[in-house]
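**Student:** The structure follows.
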Amino acid sequence: MTKQKLVLIGNGMAGVRCIEEIIKLEPDMFEIAIFGSEPHPNYDRIQLSKVLQGDTSIKDITINDWEWYEKNQILLYPGETVVSIQADEQFIITSKGRQVQYDKLIIATGSLPIMLPIPGADKEGITAFRDIKDCEKMLEYSKSHKKAAVIGGGLLGLEAARGLLNLGMEVSVIHLGDCLMERQLDKTAGQMLQKELEQQGMNFYLEKQTKEIFGGEKVEGLRFSDGEEIAADLVVMAVGIRPNIQLAKDSGIPVNRGILVNDWLETEVPNVYAVGECAEHREIVYGLVAPLYEQGKVLAKRICGQEASPYTGSTVSTKLKVSGVDVFSAGDIFGNEQVKTMMAYDDYSRTYKKILIKDGKMIGAVLFGDTSEGNRLLALIKKGADILEYTESGKSEQTGGSLVASMADEEIICGCNGVTKGAIVNAIQTQGLTTVEQVKGCTSASRSCGGCKSLVADLLEYTLGDQYNSTEQKEPICSCTTLSRDEVIQEIRDKGLTHTREVMNVLGWETEDGCSKCRPALNYYLGMMNPVRYKDERDSRFVNERLHANIQKDGTYSVVPRMYGGVTNVDELRRIADVAEKYDVPLIKLTGGQRIDLVGVKKEDLPKVWSELDMPSGYAYGKSLRTVKTCVGESFCRFGTQDSITMGIRMEKKFERISTPHKVKMAVSACPRNCAESGIKDLGVVGVDGAWEIYVGGNGGTHLRAGDLFCKVKTQEEVLEMTGAYLQYYRETAHYLERTSKWVERLGLDHIKSVLADKETRDSLNERLDEALSVLNDPWQEAIKSGEIQRELYETVKVPVDMKRGG
Amino acid sequence: MEAIRYRIKVGALNEIPEKLGKTVKIGAHEIAIFRLANGEIRAIENRCPHKGGVLAEGMVSGEHVFCPMHDWKINLKDGKVQAPDIGCVKTYKTELQDGEVIVIL
């Protein structure tokens with residue numbers, strides 16, 4: 001039997017998902033061709049905001065790579081647009097003049113961003129936020145420009161704004177309405193969101209209509225209808241999308257707002273179907289991925305000639321997470337007189353919940369701050385549950401397990417990837433899956449936004465019963481083992497393991513000798529738990545920490561001697577100058593941490609350089625305290641309210657050399673002008689009149705993060721006490737290579753605050769820290785004094801060229 | 001034609017620290033010598049095929065060394081770069097003679 005010809009117009013998420021379903025049902029029924037205007041394989045458009053936020057690369061968001069098309073014998077025409085459908089004779093024509101016959105045709109052309117037709121909209125520096133190209137443009141602009149304006153305060157606009165903020169731009173959001181995300185949020189939640197985002201640094205211009213974009217060839221700013229102007233180098237239009245229906249319309253396929261389809265996704269033209277954002281079903285055009293996947297399933301069955309229940313529409317839900325702000329909305333959230341609401345507003349912890357009830361049934365919900373109930377609410381709203389079911393279950397503390405038990409097999413668990421409960425349970429049973437990661441790998445559930453992870457875990461528990469082990473769900477520390485960091489630490493404690501090799505043997509490592517991930521991690525954990533007796537394994541250290549210098553790309557090293565608090569003197573400077581001259585140091589550079597870096601020192605010269613410098617190691621190479629940056633402070637500065645230099649030096653002298661999960665930077669400023677940049681340090685101290693403020697979790701590097709105010713204390717001693725306890729708590733609970741900025745977010749600032757609020761806890765943390773500090777010595781001195789260390793680590797064997805002829 | 005082979009003494013075995021590399025310069029050759037956990041000696045060219053990282057400073061695990069620059073994993077026996085990266089490093093034969101390590105060039 002010859003195969004039927006199936007053509008898909010549009011290489012996006014909805015269309016390709018439908019093809020995946022078709023291949024699953026009937027792998028040999030069709031010869032498939034896909035046309036896509038973008039030059040990429042199918043990627044996850046939802047994740048573009050993550051690419052923009054810098055967490056993810058474009059490669060990571062590809063759903064179907066080139067191989068997938070090849071493996072399934074699909075002819076993909078990337079960068080080729082279909083320009084005409086000849087429905088009478090059943091063929092299409094492309095931008096390259098290609099004519100392709102079809103038996104079945106699926107239109108999945110998605111939508112187009114709406115570009116406001118205002119004066120100046122054709123200037124350079126204006127973009128939409130819809131595809132990879134737009135994303136690349138924004139990334140490019142952020143490198144050389146400062147000010148961004150985002151028109152549109154909806155979901156898309158806010159994600160773009162957050163991304164641009166992460167890229168270091170100043171961001172203004174212009175919104176026509178008086179409230180953000182008004183399609184998904186009510187006024188209360190919208191205002192809470194605005195407040196939160198303002199704290200993150202976004203500027204908002206609400207109830208403003210952009211009338212004109214001004215500038216020369218390039219954008220210079222926006223003018224609103226009330227005459228107000230703001231400056232901008234980059235303008236992102238995120239005012240909405242419209243279904244891309246031009247092709248269908250030109251080809252005589254009936255359209256309204258979208259391409260009209262019935263419950264089987266059939267257009268009014270025989271053998272032509274439409275799915276996704278371009279389709280209009282029962283007067284609704286969907287713009288979120290879950291409904292589109294539901295449509296794709298129905299269409300796949302229809303095209304394969306299998307029986308399917310009709311598509312009757314979807315309940316939509318939205319989850320937004322931008323930098324710590326969790327927002328959820330599902331169903332009808334506006335209501336009218338007949339609709340009653342249940343509300344809980346917590347001003348202190350900044351959470352808000354609203355449930356809308358009509359005739360006793362749940363019809364919609366909004367969550368702000370805490371969205372853990374989102375999936376459960378969505379499931380209840382979808383089935384139109386009685387509100388009593390929700391309130392009663394709350395009383396009896398219904399677990400997630402009984403919720404998933406009550407779900408029907410065809411209910412969707414993962415909205416992003418359209419994975420049903422039945423599919424997950426089946427995969428768990430037939431393929432022996434035991435972890436969320438495995439379910440993710442086999443079924444794609446929770447592969448995209450991850451919001452359904454807890455439901456997947458519940459399903460595992462529900463399906464496996466006693467065999468399910470929730471502790472297995474943790475991330476293993478590397479591919480040599482299946483154990484997580486916490487499990488390894490527990491085992492080390494329980495079994496009293498004392499060196500890395502023993503940990504690997506006893507805990508059944510899959511490799512004989514570990515790898516570059518687990519070895520340094522184990523070495524750190526062992527040392528942290530048993531600082532006095534554990535002998536540091538230098539062969540489990542990265543080169544920089546083994547040689548106590550930073551390796552450069554040409555194999556030379558850089559040397560940074562310690563200058564406490566960034567303070568030096570004539571003697572030190574003279575010695576540094578002499579050493580630099582004597583050893584031909586090619587580059588002398590000031591570091592960002594207020595010290596001097598001698599770059600390009602030969603390995604074999606290191607011990608001599610250190611000896612002649614006669615200064616302690618600055619640990620510029622270490623996962624350890626780097627510097628304590630200070631400002632001039634009250635003794636010289638006319639604004640200073642505290643002695644920041646003394647404070648900084650005391651901190652640096654106390655905590656230097658301690659090993660930590662990742663590098664730790666500190667700073668002390670003498671007033672809120674913050675000249676020492678205390679707000680972007682792992683721990684930053686700011687002097688105010690009569691007190692010190694301590695900020696934590698700041699980061700000025702890859703993942704820019706402003707520190708959170710941790711506490712306010714009166715004396716220098718208290719600063720040292722709090723810093724010590726905080727540092728030790730980080731040492732004991734963080735994953736190896738986890739910076740404090742990530743650690744604070746993982747544990748939660750409030751949790752850390754509550755732990756350290758207890759004086760006894762602080763004291764015992766400080767005791768353990770002092771114990772660890774007590775055994776540390778300056779590593780440069782150790783190397784200078786030990787011929788063995790010098791021979792083993794720093795010597796290079798040189799054999800003269802006129803080599804002996806062996807025999 | 002018989003190739004000319006040089007046998008070069010590079011030092012005593014007990015002077016090479018276990019699981020660490022040693023840089024050896026022989027004329028224009030720069031070689032990284034390793035003493036593995038099982039006591040065997042390996043010698044490879046001291047340049048990672050990726051960006052020229054000095055492999056002698058890498059972390060040694062079993063039969064592999066991890067380049068200190070960008071963590072490429074290289075097999076010390078055949079010099080092959082491990083997936084997902086690709087490439088190859090020159091390897092040298094070694095011998096032990098009266099406690100001395102000999103590299104054959």
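Ligands are numbered from 1 in the order shown, residues from 1 within each chain, and chains are lettered A, B, ... in the order they appear in the structure tokens.
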Neighbours of range 107-117 of chain A within 8 Å (only C-alpha atoms; same-chain residues fewer than 2 positions away dropped), as a CSV table (one decimal) with C-alpha atoms, in the first residue's frame?

**Tutor:**
chain,number,residue,atom,x,y,z
A,8,LEU,CA,2.4,20.2,7.9
A,9,ILE,CA,2.7,23.9,7.5
A,10,GLY,CA,4.5,25.4,10.5
A,11,ASN,CA,7.3,23.7,12.4
A,12,GLY,CA,6.3,24.9,15.8
A,14,ALA,CA,1.5,22.5,18.3
A,15,GLY,CA,2.0,21.1,14.8
A,105,LEU,CA,-2.9,19.1,5.2
A,119,PRO,CA,5.0,56.7,14.1
A,121,ALA,CA,7.8,51.9,14.7
A,128,ALA,CA,8.9,41.7,19.2
A,129,PHE,CA,9.5,38.8,21.7
A,130,ARG,CA,8.3,35.8,19.8
A,237,MET,CA,6.6,45.2,21.7
A,238,ALA,CA,4.8,42.6,23.7
A,239,VAL,CA,1.2,43.9,23.4
A,240,GLY,CA,-0.2,40.6,22.2
A,241,ILE,CA,-0.3,38.1,19.4
A,242,ARG,CA,-2.8,37.5,16.6
A,243,PRO,CA,-3.4,34.2,14.8
A,244,ASN,CA,-1.4,33.9,11.6
A,245,ILE,CA,-4.2,33.3,9.2
A,272,VAL,CA,-7.4,20.5,5.5
A,273,TYR,CA,-7.0,20.8,9.3
A,274,ALA,CA,-5.8,23.5,11.6
A,275,VAL,CA,-4.3,23.2,15.0
A,276,GLY,CA,-2.7,25.5,17.6
A,277,GLU,CA,-2.7,29.2,18.0
A,278,CYS,CA,-3.9,29.8,14.4
A,279,ALA,CA,-7.1,27.8,15.0

**Student:** Which neighbours of Val60 in chain B fall inside 7 Å, counting only C-alpha atoms, when residues of the same chain fewer than 5 positions from it are skipped, and could you give them as a PyMOL selection string?

**Tutor:** chain B and resi 19-20+65-66

**Student:** Using only C-alpha atoms, determine which residues lie at most 9 Å from range 98-105 of chain B, disregarding the query and same-chain residues fewer than 2 positions distant; provide the list as an mmCIF file with all heavy atoms, in the first residue's frame.

**Tutor:**
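The new file selection.cif reads:
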data_model
loop_
_atom_site.group_PDB
_atom_site.id
_atom_site.type_symbol
_atom_site.label_atom_id
_atom_site.label_comp_id
_atom_site.auth_asym_id
_atom_site.auth_seq_id
_atom_site.Cartn_x
_atom_site.Cartn_y
_atom_site.Cartn_z
ATOM 1 N N ILE B 4 64.491 5.337 14.515
ATOM 2 C CA ILE B 4 65.393 5.566 15.641
ATOM 3 C C ILE B 4 64.563 5.853 16.874
ATOM 4 O O ILE B 4 63.668 6.677 16.849
ATOM 5 C CB ILE B 4 66.319 6.755 15.352
ATOM 6 C CG1 ILE B 4 67.174 6.437 14.136
ATOM 7 C CG2 ILE B 4 67.168 7.076 16.567
ATOM 8 C CD1 ILE B 4 67.868 7.628 13.570
ATOM 9 N N ARG B 5 64.858 5.139 17.937
ATOM 10 C CA ARG B 5 64.087 5.339 19.167
ATOM 11 C C ARG B 5 65.026 5.824 20.258
ATOM 12 O O ARG B 5 66.136 5.326 20.405
ATOM 13 C CB ARG B 5 63.424 4.040 19.612
ATOM 14 C CG ARG B 5 62.367 3.567 18.660
ATOM 15 C CD ARG B 5 61.174 3.025 19.455
ATOM 16 N NE ARG B 5 60.011 2.865 18.611
ATOM 17 C CZ ARG B 5 59.103 3.819 18.419
ATOM 18 N NH1 ARG B 5 59.229 4.969 19.028
ATOM 19 N NH2 ARG B 5 58.075 3.608 17.640
ATOM 20 N N TYR B 6 64.564 6.785 20.985
ATOM 21 C CA TYR B 6 65.342 7.271 22.108
ATOM 22 C C TYR B 6 64.705 6.783 23.385
ATOM 23 O O TYR B 6 63.496 6.780 23.519
ATOM 24 C CB TYR B 6 65.374 8.800 22.113
ATOM 25 C CG TYR B 6 66.106 9.373 20.948
ATOM 26 C CD1 TYR B 6 65.424 9.881 19.852
ATOM 27 C CD2 TYR B 6 67.510 9.415 20.950
ATOM 28 C CE1 TYR B 6 66.098 10.412 18.776
ATOM 29 C CE2 TYR B 6 68.192 9.944 19.871
ATOM 30 C CZ TYR B 6 67.496 10.448 18.785
ATOM 31 O OH TYR B 6 68.167 10.978 17.726
ATOM 32 N N ARG B 7 65.533 6.355 24.312
ATOM 33 C CA ARG B 7 65.026 5.964 25.625
ATOM 34 C C ARG B 7 65.543 6.987 26.619
ATOM 35 O O ARG B 7 66.747 7.118 26.811
ATOM 36 C CB ARG B 7 65.503 4.553 25.981
ATOM 37 C CG ARG B 7 65.096 3.527 24.937
ATOM 38 C CD ARG B 7 65.585 2.126 25.257
ATOM 39 N NE ARG B 7 64.777 1.459 26.250
ATOM 40 C CZ ARG B 7 65.166 1.166 27.481
ATOM 41 N NH1 ARG B 7 66.375 1.512 27.873
ATOM 42 N NH2 ARG B 7 64.378 0.539 28.317
ATOM 43 N N ILE B 8 64.640 7.720 27.201
ATOM 44 C CA ILE B 8 65.042 8.846 28.042
ATOM 45 C C ILE B 8 64.682 8.568 29.492
ATOM 46 O O ILE B 8 63.521 8.333 29.822
ATOM 47 C CB ILE B 8 64.300 10.132 27.624
ATOM 48 C CG1 ILE B 8 64.283 10.295 26.112
ATOM 49 C CG2 ILE B 8 64.885 11.334 28.338
ATOM 50 C CD1 ILE B 8 65.560 10.761 25.520
ATOM 51 N N LYS B 9 65.692 8.668 30.359
ATOM 52 C CA LYS B 9 65.423 8.564 31.791
ATOM 53 C C LYS B 9 64.841 9.881 32.272
ATOM 54 O O LYS B 9 65.403 10.948 32.026
ATOM 55 C CB LYS B 9 66.732 8.323 32.544
ATOM 56 C CG LYS B 9 67.138 6.883 32.572
ATOM 57 C CD LYS B 9 68.337 6.724 33.491
ATOM 58 C CE LYS B 9 68.990 5.381 33.229
ATOM 59 N NZ LYS B 9 70.276 5.250 33.915
ATOM 60 N N VAL B 10 63.704 9.823 32.952
ATOM 61 C CA VAL B 10 63.103 11.069 33.414
ATOM 62 C C VAL B 10 63.028 11.170 34.926
ATOM 63 O O VAL B 10 62.483 12.123 35.459
ATOM 64 C CB VAL B 10 61.688 11.278 32.816
ATOM 65 C CG1 VAL B 10 61.759 11.432 31.313
ATOM 66 C CG2 VAL B 10 60.768 10.130 33.196
ATOM 67 N N GLY B 11 63.539 10.186 35.621
ATOM 68 C CA GLY B 11 63.561 10.312 37.071
ATOM 69 C C GLY B 11 63.153 9.021 37.747
ATOM 70 O O GLY B 11 62.689 8.083 37.102
ATOM 71 N N ALA B 12 63.315 9.025 39.071
ATOM 72 C CA ALA B 12 62.993 7.825 39.837
ATOM 73 C C ALA B 12 61.480 7.713 40.020
ATOM 74 O O ALA B 12 60.786 8.719 40.153
ATOM 75 C CB ALA B 12 63.664 7.894 41.204
ATOM 76 N N LEU B 13 61.005 6.477 40.000
ATOM 77 C CA LEU B 13 59.571 6.231 40.149
ATOM 78 C C LEU B 13 59.041 6.839 41.438
ATOM 79 O O LEU B 13 57.992 7.481 41.450
ATOM 80 C CB LEU B 13 59.303 4.711 40.142
ATOM 81 C CG LEU B 13 57.865 4.288 40.414
ATOM 82 C CD1 LEU B 13 56.950 4.743 39.292
ATOM 83 C CD2 LEU B 13 57.762 2.781 40.589
ATOM 84 N N ASN B 14 59.796 6.669 42.524
ATOM 85 C CA ASN B 14 59.264 7.144 43.805
ATOM 86 C C ASN B 14 59.284 8.669 43.931
ATOM 87 O O ASN B 14 58.822 9.230 44.902
ATOM 88 C CB ASN B 14 59.977 6.473 44.979
ATOM 89 C CG ASN B 14 61.467 6.728 44.928
ATOM 90 O OD1 ASN B 14 61.919 7.672 44.258
ATOM 91 N ND2 ASN B 14 62.241 5.893 45.607
ATOM 92 N N ILE B 33 53.786 13.100 32.622
ATOM 93 C CA ILE B 33 53.950 11.737 33.134
ATOM 94 C C ILE B 33 53.018 11.562 34.329
ATOM 95 O O ILE B 33 52.930 12.445 35.186
ATOM 96 C CB ILE B 33 55.394 11.520 33.647
ATOM 97 C CG1 ILE B 33 56.395 11.987 32.617
ATOM 98 C CG2 ILE B 33 55.594 10.080 34.101
ATOM 99 C CD1 ILE B 33 56.959 10.922 31.758
ATOM 100 N N ILE B 41 52.660 3.606 35.086
ATOM 101 C CA ILE B 41 53.116 4.913 34.601
ATOM 102 C C ILE B 41 52.531 5.166 33.216
ATOM 103 O O ILE B 41 52.480 4.262 32.381
ATOM 104 C CB ILE B 41 54.657 4.935 34.530
ATOM 105 C CG1 ILE B 41 55.256 4.881 35.944
ATOM 106 C CG2 ILE B 41 55.166 6.148 33.785
ATOM 107 C CD1 ILE B 41 55.143 6.154 36.731
ATOM 108 N N ALA B 43 52.490 8.178 29.913
ATOM 109 C CA ALA B 43 53.086 9.413 29.404
ATOM 110 C C ALA B 43 52.303 9.878 28.179
ATOM 111 O O ALA B 43 52.042 9.097 27.275
ATOM 112 C CB ALA B 43 54.542 9.181 29.028
ATOM 113 N N TYR B 92 52.999 8.140 24.729
ATOM 114 C CA TYR B 92 54.366 7.626 24.659
ATOM 115 C C TYR B 92 54.458 6.347 25.470
ATOM 116 O O TYR B 92 53.806 6.220 26.505
ATOM 117 C CB TYR B 92 55.352 8.652 25.229
ATOM 118 C CG TYR B 92 55.354 9.960 24.489
ATOM 119 C CD1 TYR B 92 54.499 10.983 24.876
ATOM 120 C CD2 TYR B 92 56.214 10.171 23.397
ATOM 121 C CE1 TYR B 92 54.478 12.193 24.192
ATOM 122 C CE2 TYR B 92 56.201 11.388 22.715
ATOM 123 C CZ TYR B 92 55.341 12.393 23.116
ATOM 124 O OH TYR B 92 55.334 13.584 22.445
ATOM 125 N N LYS B 93 55.294 5.439 24.996
ATOM 126 C CA LYS B 93 55.537 4.214 25.773
ATOM 127 C C LYS B 93 56.487 4.527 26.928
ATOM 128 O O LYS B 93 57.360 5.389 26.808
ATOM 129 C CB LYS B 93 56.196 3.173 24.867
ATOM 130 C CG LYS B 93 55.185 2.418 24.032
ATOM 131 C CD LYS B 93 55.735 1.047 23.662
ATOM 132 C CE LYS B 93 54.654 0.249 22.957
ATOM 133 N NZ LYS B 93 55.002 -0.091 21.581
ATOM 134 N N THR B 94 56.284 3.807 28.025
ATOM 135 C CA THR B 94 57.197 3.984 29.153
ATOM 136 C C THR B 94 57.691 2.617 29.628
ATOM 137 O O THR B 94 57.061 1.598 29.366
ATOM 138 C CB THR B 94 56.493 4.674 30.347
ATOM 139 O OG1 THR B 94 55.370 3.886 30.699
ATOM 140 C CG2 THR B 94 56.044 6.066 30.010
ATOM 141 N N GLU B 95 58.821 2.648 30.302
ATOM 142 C CA GLU B 95 59.368 1.414 30.889
ATOM 143 C C GLU B 95 59.931 1.739 32.249
ATOM 144 O O GLU B 95 60.238 2.896 32.546
ATOM 145 C CB GLU B 95 60.511 0.870 30.020
ATOM 146 C CG GLU B 95 60.048 0.078 28.831
ATOM 147 C CD GLU B 95 61.231 -0.290 27.932
ATOM 148 O OE1 GLU B 95 62.387 -0.200 28.399
ATOM 149 O OE2 GLU B 95 60.972 -0.647 26.779
ATOM 150 N N LEU B 96 60.041 0.723 33.056
ATOM 151 C CA LEU B 96 60.691 0.886 34.353
ATOM 152 C C LEU B 96 61.990 0.103 34.337
ATOM 153 O O LEU B 96 62.038 -1.036 33.885
ATOM 154 C CB LEU B 96 59.794 0.318 35.458
ATOM 155 C CG LEU B 96 58.836 1.282 36.128
ATOM 156 C CD1 LEU B 96 58.015 0.550 37.160
ATOM 157 C CD2 LEU B 96 59.585 2.452 36.760
#

**Student:** Write out as an MDAnalysis selection string each polymer residue whose atoms come within 12 Å of Ser309 in chain A, counting only C-alpha atoms; drop sequence neighbours fewer than 2 positions from it.

**Tutor:** chainID A and resid 263:265 294:295 297:302 306:307 311:313 410

**Student:** Could you work out how far CA of Ser516 in chain A lies from CA of Phe655 in chain A, giving the answer in Å with one decimal?

**Tutor:**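 For CA of Phe655 in chain A relative to CA of Ser516 in chain A, the distance reads 27.1 Å.
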
**Student:** For each of B:Gly39, B:Gly21, B:Pro49, B:Gly79, take the minimum atom-to-atom distance to chain A, counting only C-alpha atoms, then give the residue where this is smallest.

**Tutor:**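 When distances to chain A are compared using only C-alpha atoms, the smallest one comes from B:Gly21.
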
**Student:** Quick one: residues within 8 Å of Gly53 in chain B, only C-alpha atoms, excluding same-chain residues fewer than 2 positions away - as an NGL selection string?

**Tutor:** (:A and (553-555)) or (:B and (46-51 or 55 or 67-69))

**Student:** When you get a sec, could you note down which chain B residues fall within 6 Å of chain A, using only C-alpha atoms, as a list of chain:residue names?

**Tutor:**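 The selection requested is B:Tyr6, B:Arg7, B:Thr23, B:Val24, B:Lys25, B:Ile26, B:Gly27, B:Glu57, B:Ser61, B:Gly62.
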
**Student:** Could you give me, as a list in words, the residues within 7 Å of Ser484 in chain A, counting only C-alpha atoms and dropping anything in the same chain fewer than 4 positions from it?

**Tutor:**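 Within the cut-off, the hits are Lys474, Glu475, Pro476, Ile477 and Val488 of chain A.
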
**Student:** One decimal, Å: what's the distance from CA of Gly335 in chain A over to CA of Leu377 in chain A, could you say?

**Tutor:** 16.9 Å

**Student:** Measuring between only C-alpha atoms, which one of B:His64, B:Gln97, B:Leu36, B:Glu45 shows the shortest distance to Gln82 in chain B?

**Tutor:**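 Of the candidates, the smallest distance to Gln82 in chain B is held by B:His64.
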
**Student:** I need the helix (DSSP H, G or I) residues of chain B per DSSP on the backbone, written as a PyMOL selection string.

**Tutor:** chain B and resi 13-15+55-57

**Student:** Could those selected residues go to a file with C-alpha atoms, as an mmCIF file, in the first residue's frame?

**Tutor:**
data_model
loop_
_atom_site.group_PDB
_atom_site.id
_atom_site.type_symbol
_atom_site.label_atom_id
_atom_site.label_comp_id
_atom_site.auth_asym_id
_atom_site.auth_seq_id
_atom_site.Cartn_x
_atom_site.Cartn_y
_atom_site.Cartn_z
ATOM 1 C CA LEU B 13 59.571 6.231 40.149
ATOM 2 C CA ASN B 14 59.264 7.144 43.805
ATOM 3 C CA GLU B 15 59.766 10.800 42.937
ATOM 4 C CA LEU B 55 47.337 18.047 31.092
ATOM 5 C CA ALA B 56 50.010 17.406 33.721
ATOM 6 C CA GLU B 57 47.971 19.610 36.064
#

**Student:** Record the distance separating CA of Gly87 in chain B and CA of Lys59 in chain A, expressed in Å with one decimal.

**Tutor:**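 Straight-line distance from CA of Gly87 in chain B to CA of Lys59 in chain A works out to 22.2 Å.
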
**Student:** Contacts of range 196-205 of chain A at 12 Å or less, counting only C-alpha atoms, minus same-chain residues fewer than 6 places along, as number ranges by chain?

**Tutor:** A: 147-153, 157-166, 168-180, 189-190, 222-224, 226, 228-230, 321-327, 350-351, 368-369, 704-708

**Student:** Would you please work out which residue, of B:Pro17, B:Ala83, B:Asn75, B:Val89, is nearest to Gly52 in chain B when using only C-alpha atoms?

**Tutor:** B:Val89

**Student:** Which is closest to His29 in chain B among B:Ile44, B:Lys77, B:Ile86, B:Ile16, if we use only C-alpha atoms?

**Tutor:**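 Comparing B:Ile44, B:Lys77, B:Ile86, B:Ile16 against His29 in chain B, the winner is B:Ile44.
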
**Student:** Write out as a ChimeraX atom specification all residues of range 240-362 of chain A that DSSP puts in strand (DSSP E) for this structure's backbone.

**Tutor:** /A:241-243,259-261,272-274,279-281,317-322,325-331,339-346,351-358,361-362
